[in-house]
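Participant: Sending over final22.pdb (PDB, C-alpha atoms and all ligand atoms).
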```
ATOM      1  CA  MET A   1       0.000   0.000   0.000  1.00  0.00           C
ATOM      2  CA  GLY A   2       1.219   3.510  -0.784  1.00  0.00           C
ATOM      3  CA  ARG A   3       2.524   5.762   1.932  1.00  0.00           C
ATOM      4  CA  GLU A   4       1.003   9.172   2.474  1.00  0.00           C
ATOM      5  CA  LEU A   5       3.358  12.104   2.140  1.00  0.00           C
ATOM      6  CA  ARG A   6       2.609  14.932   4.546  1.00  0.00           C
ATOM      7  CA  THR A   7       5.788  16.882   5.067  1.00  0.00           C
ATOM      8  CA  VAL A   8       8.070  18.045   2.279  1.00  0.00           C
ATOM      9  CA  GLY A   9      11.582  19.396   2.716  1.00  0.00           C
ATOM     10  CA  ILE A  10      13.156  21.593   0.056  1.00  0.00           C
ATOM     11  CA  VAL A  11      16.907  22.202   0.112  1.00  0.00           C
ATOM     12  CA  GLY A  12      17.815  25.384  -1.716  1.00  0.00           C
ATOM     13  CA  LEU A  13      15.185  28.068  -2.246  1.00  0.00           C
ATOM     14  CA  GLY A  14      16.595  29.589  -5.422  1.00  0.00           C
ATOM     15  CA  ALA A  15      14.801  29.832  -8.769  1.00  0.00           C
ATOM     16  CA  MET A  16      13.636  26.210  -8.694  1.00  0.00           C
ATOM     17  CA  GLY A  17      13.408  25.469  -4.984  1.00  0.00           C
ATOM     18  CA  SER A  18      11.208  28.469  -4.253  1.00  0.00           C
ATOM     19  CA  GLY A  19       8.830  27.477  -7.070  1.00  0.00           C
ATOM     20  CA  ILE A  20       8.727  23.869  -5.852  1.00  0.00           C
ATOM     21  CA  ALA A  21       8.057  25.140  -2.314  1.00  0.00           C
ATOM     22  CA  GLN A  22       5.176  27.260  -3.613  1.00  0.00           C
ATOM     23  CA  LEU A  23       3.696  24.223  -5.381  1.00  0.00           C
ATOM     24  CA  ALA A  24       4.019  22.153  -2.212  1.00  0.00           C
ATOM     25  CA  ILE A  25       2.320  24.652   0.107  1.00  0.00           C
ATOM     26  CA  GLU A  26      -0.462  25.308  -2.394  1.00  0.00           C
ATOM     27  CA  ALA A  27      -1.036  21.547  -2.594  1.00  0.00           C
ATOM     28  CA  GLY A  28      -1.427  21.416   1.188  1.00  0.00           C
ATOM     29  CA  PHE A  29       1.893  19.932   2.279  1.00  0.00           C
ATOM     30  CA  GLU A  30       3.648  21.085   5.406  1.00  0.00           C
ATOM     31  CA  THR A  31       6.879  22.362   3.883  1.00  0.00           C
ATOM     32  CA  ILE A  32      10.282  23.174   5.325  1.00  0.00           C
ATOM     33  CA  GLY A  33      12.674  25.149   3.147  1.00  0.00           C
ATOM     34  CA  ARG A  34      16.359  25.031   3.954  1.00  0.00           C
ATOM     35  CA  GLU A  35      18.809  27.669   2.781  1.00  0.00           C
ATOM     36  CA  VAL A  36      22.405  28.443   3.668  1.00  0.00           C
ATOM     37  CA  GLU A  37      21.435  31.749   5.321  1.00  0.00           C
ATOM     38  CA  LEU A  38      18.173  32.764   6.931  1.00  0.00           C
ATOM     39  CA  GLY A  39      18.112  35.991   4.902  1.00  0.00           C
ATOM     40  CA  ARG A  40      18.040  34.020   1.643  1.00  0.00           C
ATOM     41  CA  ALA A  41      15.248  31.829   2.951  1.00  0.00           C
ATOM     42  CA  GLU A  42      13.235  34.848   4.071  1.00  0.00           C
ATOM     43  CA  GLY A  43      13.725  36.458   0.671  1.00  0.00           C
ATOM     44  CA  ALA A  44      12.376  33.324  -1.005  1.00  0.00           C
ATOM     45  CA  ARG A  45       9.366  33.247   1.325  1.00  0.00           C
ATOM     46  CA  ASP A  46       8.656  36.911   0.538  1.00  0.00           C
ATOM     47  CA  THR A  47       8.733  36.105  -3.175  1.00  0.00           C
ATOM     48  CA  ILE A  48       6.408  33.122  -2.749  1.00  0.00           C
ATOM     49  CA  ALA A  49       4.022  35.190  -0.601  1.00  0.00           C
ATOM     50  CA  HIS A  50       4.049  37.895  -3.267  1.00  0.00           C
ATOM     51  CA  PHE A  51       3.165  35.423  -6.046  1.00  0.00           C
ATOM     52  CA  LEU A  52       0.320  34.024  -3.965  1.00  0.00           C
ATOM     53  CA  THR A  53      -0.961  37.535  -3.237  1.00  0.00           C
ATOM     54  CA  ARG A  54      -0.987  38.176  -6.989  1.00  0.00           C
ATOM     55  CA  LYS A  55      -3.158  35.083  -7.432  1.00  0.00           C
ATOM     56  CA  VAL A  56      -5.608  36.501  -4.877  1.00  0.00           C
ATOM     57  CA  GLU A  57      -5.650  39.798  -6.767  1.00  0.00           C
ATOM     58  CA  LYS A  58      -6.353  37.952 -10.019  1.00  0.00           C
ATOM     59  CA  GLY A  59      -9.155  36.021  -8.364  1.00  0.00           C
ATOM     60  CA  THR A  60      -7.579  32.591  -8.797  1.00  0.00           C
ATOM     61  CA  LEU A  61      -6.928  31.997  -5.093  1.00  0.00           C
ATOM     62  CA  GLU A  62      -8.967  32.794  -1.978  1.00  0.00           C
ATOM     63  CA  GLN A  63      -7.313  35.061   0.578  1.00  0.00           C
ATOM     64  CA  ALA A  64      -7.783  32.440   3.309  1.00  0.00           C
ATOM     65  CA  ALA A  65      -6.215  29.732   1.136  1.00  0.00           C
ATOM     66  CA  ARG A  66      -3.297  32.043   0.400  1.00  0.00           C
ATOM     67  CA  ASP A  67      -2.766  32.736   4.099  1.00  0.00           C
ATOM     68  CA  GLU A  68      -2.972  29.042   4.988  1.00  0.00           C
ATOM     69  CA  ALA A  69      -0.482  28.177   2.238  1.00  0.00           C
ATOM     70  CA  VAL A  70       2.014  30.784   3.432  1.00  0.00           C
ATOM     71  CA  GLY A  71       1.547  29.456   6.973  1.00  0.00           C
ATOM     72  CA  ARG A  72       2.547  25.963   5.810  1.00  0.00           C
ATOM     73  CA  LEU A  73       6.059  27.118   4.870  1.00  0.00           C
ATOM     74  CA  ARG A  74       8.681  26.955   7.580  1.00  0.00           C
ATOM     75  CA  LEU A  75      12.256  28.078   7.060  1.00  0.00           C
ATOM     76  CA  ALA A  76      15.449  26.441   8.248  1.00  0.00           C
ATOM     77  CA  THR A  77      19.189  26.767   7.994  1.00  0.00           C
ATOM     78  CA  ASP A  78      19.872  23.576   9.938  1.00  0.00           C
ATOM     79  CA  LEU A  79      19.444  20.353   7.939  1.00  0.00           C
ATOM     80  CA  ALA A  80      18.400  18.582  11.138  1.00  0.00           C
ATOM     81  CA  ASP A  81      15.139  20.542  10.949  1.00  0.00           C
ATOM     82  CA  LEU A  82      14.220  18.293   7.984  1.00  0.00           C
ATOM     83  CA  ALA A  83      14.388  15.166  10.164  1.00  0.00           C
ATOM     84  CA  ASP A  84      10.627  14.508  10.062  1.00  0.00           C
ATOM     85  CA  CYS A  85      10.129  15.065   6.333  1.00  0.00           C
ATOM     86  CA  ASP A  86       8.567  12.259   4.285  1.00  0.00           C
ATOM     87  CA  ILE A  87      10.375  13.499   1.179  1.00  0.00           C
ATOM     88  CA  VAL A  88      13.183  15.992   0.689  1.00  0.00           C
ATOM     89  CA  VAL A  89      13.689  17.652  -2.691  1.00  0.00           C
ATOM     90  CA  GLU A  90      17.220  18.899  -3.211  1.00  0.00           C
ATOM     91  CA  ALA A  91      17.364  21.995  -5.447  1.00  0.00           C
ATOM     92  CA  ALA A  92      20.835  23.318  -4.616  1.00  0.00           C
ATOM     93  CA  PHE A  93      23.632  24.100  -7.049  1.00  0.00           C
ATOM     94  CA  GLU A  94      24.192  21.798 -10.036  1.00  0.00           C
ATOM     95  CA  GLU A  95      27.483  20.450  -8.684  1.00  0.00           C
ATOM     96  CA  LEU A  96      28.031  16.804  -7.867  1.00  0.00           C
ATOM     97  CA  GLY A  97      30.119  17.652  -4.806  1.00  0.00           C
ATOM     98  CA  VAL A  98      27.361  19.859  -3.377  1.00  0.00           C
ATOM     99  CA  LYS A  99      24.709  17.203  -3.976  1.00  0.00           C
ATOM    100  CA  HIS A 100      26.906  14.434  -2.543  1.00  0.00           C
ATOM    101  CA  ALA A 101      27.538  16.428   0.621  1.00  0.00           C
ATOM    102  CA  LEU A 102      23.837  17.198   0.989  1.00  0.00           C
ATOM    103  CA  PHE A 103      22.686  13.618   0.393  1.00  0.00           C
ATOM    104  CA  ARG A 104      25.202  12.331   2.952  1.00  0.00           C
ATOM    105  CA  GLU A 105      24.114  14.910   5.521  1.00  0.00           C
ATOM    106  CA  LEU A 106      20.434  14.352   4.787  1.00  0.00           C
ATOM    107  CA  GLU A 107      20.636  10.594   5.167  1.00  0.00           C
ATOM    108  CA  ALA A 108      22.190  11.081   8.598  1.00  0.00           C
ATOM    109  CA  VAL A 109      19.216  13.079   9.878  1.00  0.00           C
ATOM    110  CA  VAL A 110      16.076  11.744   8.153  1.00  0.00           C
ATOM    111  CA  ARG A 111      14.117   8.536   8.787  1.00  0.00           C
ATOM    112  CA  ASP A 112      15.036   5.314   6.986  1.00  0.00           C
ATOM    113  CA  ASP A 113      11.944   5.592   4.777  1.00  0.00           C
ATOM    114  CA  THR A 114      12.366   9.229   3.768  1.00  0.00           C
ATOM    115  CA  ILE A 115      12.604   9.729   0.007  1.00  0.00           C
ATOM    116  CA  LEU A 116      15.538  11.850  -1.142  1.00  0.00           C
ATOM    117  CA  ALA A 117      14.853  13.538  -4.473  1.00  0.00           C
ATOM    118  CA  SER A 118      17.142  15.640  -6.613  1.00  0.00           C
ATOM    119  CA  ASN A 119      15.966  18.267  -9.067  1.00  0.00           C
ATOM    120  CA  THR A 120      19.203  17.880 -10.990  1.00  0.00           C
ATOM    121  CA  SER A 121      19.159  18.965 -14.631  1.00  0.00           C
ATOM    122  CA  ALA A 122      21.887  16.802 -16.057  1.00  0.00           C
ATOM    123  CA  LEU A 123      23.751  14.901 -13.338  1.00  0.00           C
ATOM    124  CA  SER A 124      23.238  11.156 -12.957  1.00  0.00           C
ATOM    125  CA  VAL A 125      20.799  10.363 -10.139  1.00  0.00           C
ATOM    126  CA  THR A 126      22.572   7.016  -9.721  1.00  0.00           C
ATOM    127  CA  GLU A 127      25.833   8.890  -9.246  1.00  0.00           C
ATOM    128  CA  ILE A 128      24.247  11.358  -6.789  1.00  0.00           C
ATOM    129  CA  ALA A 129      22.745   8.449  -4.833  1.00  0.00           C
ATOM    130  CA  SER A 130      26.017   6.490  -4.754  1.00  0.00           C
ATOM    131  CA  VAL A 131      27.015   8.102  -1.447  1.00  0.00           C
ATOM    132  CA  LEU A 132      23.890   6.850   0.320  1.00  0.00           C
ATOM    133  CA  THR A 133      23.732   3.805   2.564  1.00  0.00           C
ATOM    134  CA  ARG A 134      20.238   3.264   1.106  1.00  0.00           C
ATOM    135  CA  PRO A 135      20.566   4.431  -2.514  1.00  0.00           C
ATOM    136  CA  GLU A 136      17.154   2.917  -3.314  1.00  0.00           C
ATOM    137  CA  ARG A 137      15.541   5.838  -1.483  1.00  0.00           C
ATOM    138  CA  ALA A 138      16.852   8.322  -4.070  1.00  0.00           C
ATOM    139  CA  VAL A 139      14.770   9.600  -6.986  1.00  0.00           C
ATOM    140  CA  GLY A 140      15.177  12.161  -9.713  1.00  0.00           C
ATOM    141  CA  MET A 141      12.384  14.749  -9.673  1.00  0.00           C
ATOM    142  CA  HIS A 142      13.052  17.154 -12.484  1.00  0.00           C
ATOM    143  CA  PHE A 143      10.788  20.202 -12.591  1.00  0.00           C
ATOM    144  CA  PHE A 144      10.832  22.462 -15.596  1.00  0.00           C
ATOM    145  CA  ASN A 145      11.351  26.176 -15.041  1.00  0.00           C
ATOM    146  CA  PRO A 146       9.139  27.667 -13.781  1.00  0.00           C
ATOM    147  CA  PRO A 147       7.827  24.795 -11.635  1.00  0.00           C
ATOM    148  CA  LEU A 148       4.355  26.399 -11.343  1.00  0.00           C
TER     149      LEU A 148
HETATM  150  N1  LIG B 201      16.966  26.959 -13.407  1.00  0.00           N
HETATM  151  C1  LIG B 201      16.428  26.034 -14.213  1.00  0.00           C
HETATM  152  O1  LIG B 201      15.883  26.308 -15.286  1.00  0.00           O
HETATM  153  C2  LIG B 201      16.417  24.596 -13.764  1.00  0.00           C
HETATM  154  C3  LIG B 201      15.464  23.731 -14.315  1.00  0.00           C
HETATM  155  C4  LIG B 201      15.411  22.406 -13.867  1.00  0.00           C
HETATM  156  C5  LIG B 201      16.319  21.955 -12.901  1.00  0.00           C
HETATM  157  N2  LIG B 201      17.255  22.824 -12.395  1.00  0.00           N
HETATM  158  C6  LIG B 201      18.169  22.319 -11.366  1.00  0.00           C
HETATM  159  O2  LIG B 201      17.648  22.700 -10.091  1.00  0.00           O
HETATM  160  C7  LIG B 201      18.747  22.909  -9.192  1.00  0.00           C
HETATM  161  C8  LIG B 201      18.655  24.322  -8.656  1.00  0.00           C
HETATM  162  O3  LIG B 201      18.742  25.237  -9.736  1.00  0.00           O
HETATM  163  P1  LIG B 201      18.326  26.772  -9.584  1.00  0.00           P
HETATM  164  O4  LIG B 201      18.252  27.301 -10.939  1.00  0.00           O
HETATM  165  O5  LIG B 201      17.156  26.881  -8.660  1.00  0.00           O
HETATM  166  O6  LIG B 201      19.619  27.368  -8.853  1.00  0.00           O
HETATM  167  P2  LIG B 201      19.738  28.711  -7.999  1.00  0.00           P
HETATM  168  O7  LIG B 201      21.174  29.094  -8.052  1.00  0.00           O
HETATM  169  O8  LIG B 201      18.689  29.703  -8.400  1.00  0.00           O
HETATM  170  O9  LIG B 201      19.359  28.227  -6.530  1.00  0.00           O
HETATM  171  C9  LIG B 201      20.163  27.358  -5.789  1.00  0.00           C
HETATM  172  C10 LIG B 201      19.943  27.708  -4.329  1.00  0.00           C
HETATM  173  O10 LIG B 201      20.514  26.656  -3.534  1.00  0.00           O
HETATM  174  C11 LIG B 201      21.069  27.265  -2.389  1.00  0.00           C
HETATM  175  N3  LIG B 201      22.032  26.332  -1.832  1.00  0.00           N
HETATM  176  C12 LIG B 201      23.261  25.985  -2.305  1.00  0.00           C
HETATM  177  N4  LIG B 201      23.833  25.048  -1.497  1.00  0.00           N
HETATM  178  C13 LIG B 201      22.925  24.804  -0.513  1.00  0.00           C
HETATM  179  C14 LIG B 201      22.923  23.954   0.618  1.00  0.00           C
HETATM  180  N5  LIG B 201      23.983  23.172   0.918  1.00  0.00           N
HETATM  181  N6  LIG B 201      21.829  23.962   1.426  1.00  0.00           N
HETATM  182  C15 LIG B 201      20.763  24.748   1.142  1.00  0.00           C
HETATM  183  N7  LIG B 201      20.723  25.582   0.085  1.00  0.00           N
HETATM  184  C16 LIG B 201      21.799  25.605  -0.730  1.00  0.00           C
HETATM  185  C17 LIG B 201      21.662  28.577  -2.872  1.00  0.00           C
HETATM  186  O11 LIG B 201      21.833  29.499  -1.800  1.00  0.00           O
HETATM  187  C18 LIG B 201      20.606  29.024  -3.898  1.00  0.00           C
HETATM  188  O12 LIG B 201      19.633  29.853  -3.298  1.00  0.00           O
HETATM  189  C19 LIG B 201      20.015  22.604  -9.989  1.00  0.00           C
HETATM  190  O13 LIG B 201      20.390  21.274  -9.782  1.00  0.00           O
HETATM  191  C20 LIG B 201      19.573  22.864 -11.416  1.00  0.00           C
HETATM  192  O14 LIG B 201      20.383  22.167 -12.354  1.00  0.00           O
HETATM  193  C21 LIG B 201      17.306  24.119 -12.794  1.00  0.00           C
END
```
Can I see the file as structure tokens?

Facilitator:
Amino acid sequence: MGRELRTVGIVGLGAMGSGIAQLAIEAGFETIGREVELGRAEGARDTIAHFLTRKVEKGTLEQAARDEAVGRLRLATDLADLADCDIVVEAAFEELGVKHALFRELEAVVRDDTILASNTSALSVTEIASVLTRPERAVGMHFFNPPL
């Protein structure tokens, strides 16, 4: 039987990660966005909140739904804050070393059944997953730009 996903972690809230985070909160997932500095994370949240406000202004989203969505996004700089996520989507820089370091660190903090996804454009997911003790938990989840 399938497992229900409730909590989504996003690592890197740049062009792609912030769009993926917006999708996740609009879809009703509790979402935790991790950036290297809190200021960057707050900037991404401001951008997401702005886009959702624009949807309210255009009449495609209710104000209450917008407010609830924004309230579902938590920010983090510590990877350990993603410990309870059912799935973590990595959207950091397109560098194998960065993704290897993140996957190693993530596997040390999340549950054994947490899915680790990479939004990589061109790197091998098998290669990214090669540093994991449980490489079978890794998936490629490529969003096109913009993810919305
Ligand atoms: N931009 C595109 O059109 C596009 C499309 C599909 C996939 N992708 C892929 O998505 C990924 C992200 O691309 P992007 O365009 O959003 O890049 P970006 O440079 O806009 O954003 C990357 C973000 O990751 C953050 N970051 C870096 N290391 C981190 C770490 N250790 N922990 C947390 N945050 C970290 C950076 O501060 C930055 O905000 C890449 O793998 C890229 O190849 C990009």

Participant: Suppose you want the space between CA of Ala117 in chain A and CA of Ala69 in chain A; what is it in Å?

Facilitator: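 Answer for the CA of Ala117 in chain A to CA of Ala69 in chain A separation: 22.2 Å.
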
Participant: Can you tell me which residues come within 9 Å of ligand LIG 201 (chain B) when counting all atoms listed in the file, ideally as an MDAnalysis selection string?

Facilitator: chainID A and resid 10:19 33:37 40:41 44 77:79 90:95 98:99 101:102 118:123 141:147

Participant: When the PyMOL selection byres (((chain A and resi 31) around 12) and not hetatm) is applied to the structure above, which residues does it catch, written out as a ChimeraX atom specification?

Facilitator: /A:5-11,13,17-18,20-30,32-34,45,68-76,81-82,84-89

Participant: Those residues you just picked out, can you put them in a file as a PDB file, keeping the file's coordinate frame with C-alpha atoms?

Facilitator:
```pdb
ATOM      1  CA  LEU A   5       3.358  12.104   2.140  1.00  0.00           C
ATOM      2  CA  ARG A   6       2.609  14.932   4.546  1.00  0.00           C
ATOM      3  CA  THR A   7       5.788  16.882   5.067  1.00  0.00           C
ATOM      4  CA  VAL A   8       8.070  18.045   2.279  1.00  0.00           C
ATOM      5  CA  GLY A   9      11.582  19.396   2.716  1.00  0.00           C
ATOM      6  CA  ILE A  10      13.156  21.593   0.056  1.00  0.00           C
ATOM      7  CA  VAL A  11      16.907  22.202   0.112  1.00  0.00           C
ATOM      8  CA  LEU A  13      15.185  28.068  -2.246  1.00  0.00           C
ATOM      9  CA  GLY A  17      13.408  25.469  -4.984  1.00  0.00           C
ATOM     10  CA  SER A  18      11.208  28.469  -4.253  1.00  0.00           C
ATOM     11  CA  ILE A  20       8.727  23.869  -5.852  1.00  0.00           C
ATOM     12  CA  ALA A  21       8.057  25.140  -2.314  1.00  0.00           C
ATOM     13  CA  GLN A  22       5.176  27.260  -3.613  1.00  0.00           C
ATOM     14  CA  LEU A  23       3.696  24.223  -5.381  1.00  0.00           C
ATOM     15  CA  ALA A  24       4.019  22.153  -2.212  1.00  0.00           C
ATOM     16  CA  ILE A  25       2.320  24.652   0.107  1.00  0.00           C
ATOM     17  CA  GLU A  26      -0.462  25.308  -2.394  1.00  0.00           C
ATOM     18  CA  ALA A  27      -1.036  21.547  -2.594  1.00  0.00           C
ATOM     19  CA  GLY A  28      -1.427  21.416   1.188  1.00  0.00           C
ATOM     20  CA  PHE A  29       1.893  19.932   2.279  1.00  0.00           C
ATOM     21  CA  GLU A  30       3.648  21.085   5.406  1.00  0.00           C
ATOM     22  CA  ILE A  32      10.282  23.174   5.325  1.00  0.00           C
ATOM     23  CA  GLY A  33      12.674  25.149   3.147  1.00  0.00           C
ATOM     24  CA  ARG A  34      16.359  25.031   3.954  1.00  0.00           C
ATOM     25  CA  ARG A  45       9.366  33.247   1.325  1.00  0.00           C
ATOM     26  CA  GLU A  68      -2.972  29.042   4.988  1.00  0.00           C
ATOM     27  CA  ALA A  69      -0.482  28.177   2.238  1.00  0.00           C
ATOM     28  CA  VAL A  70       2.014  30.784   3.432  1.00  0.00           C
ATOM     29  CA  GLY A  71       1.547  29.456   6.973  1.00  0.00           C
ATOM     30  CA  ARG A  72       2.547  25.963   5.810  1.00  0.00           C
ATOM     31  CA  LEU A  73       6.059  27.118   4.870  1.00  0.00           C
ATOM     32  CA  ARG A  74       8.681  26.955   7.580  1.00  0.00           C
ATOM     33  CA  LEU A  75      12.256  28.078   7.060  1.00  0.00           C
ATOM     34  CA  ALA A  76      15.449  26.441   8.248  1.00  0.00           C
ATOM     35  CA  ASP A  81      15.139  20.542  10.949  1.00  0.00           C
ATOM     36  CA  LEU A  82      14.220  18.293   7.984  1.00  0.00           C
ATOM     37  CA  ASP A  84      10.627  14.508  10.062  1.00  0.00           C
ATOM     38  CA  CYS A  85      10.129  15.065   6.333  1.00  0.00           C
ATOM     39  CA  ASP A  86       8.567  12.259   4.285  1.00  0.00           C
ATOM     40  CA  ILE A  87      10.375  13.499   1.179  1.00  0.00           C
ATOM     41  CA  VAL A  88      13.183  15.992   0.689  1.00  0.00           C
ATOM     42  CA  VAL A  89      13.689  17.652  -2.691  1.00  0.00           C
TER      43      VAL A  89
END
```

Participant: Which residue gives the smallest distance to Leu148 in chain A among A:Leu38, A:Leu52, A:Leu96, A:Leu132, with only C-alpha atoms counted?

Facilitator: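 The closest residue to Leu148 in chain A is A:Leu52.
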
Participant: Around (16.7, 10.4, 10.6) in the file's frame, which residues reach within 10 Å when counting all atoms listed in the file? Return as a VMD selection string?

Facilitator: chain A and resid 80 82 to 85 106 to 114

Participant: Each side padded by 5 Å, which centre and which edge lengths in Å (one decimal) define the axis-aligned box around the listed atoms of range 34-44 of chain A? Give them as lines of an AutoDock Vina configuration file.

Facilitator:
```
center_x = 17.4
center_y = 30.7
center_z = 3.0
size_x = 20.0
size_y = 21.4
size_z = 17.9
```

Participant: Just give me the gap between CA of Arg104 in chain A and CA of Thr126 in chain A in Å, one decimal is fine.

Facilitator: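 Distance reported for this atom pair: 14.0 Å.
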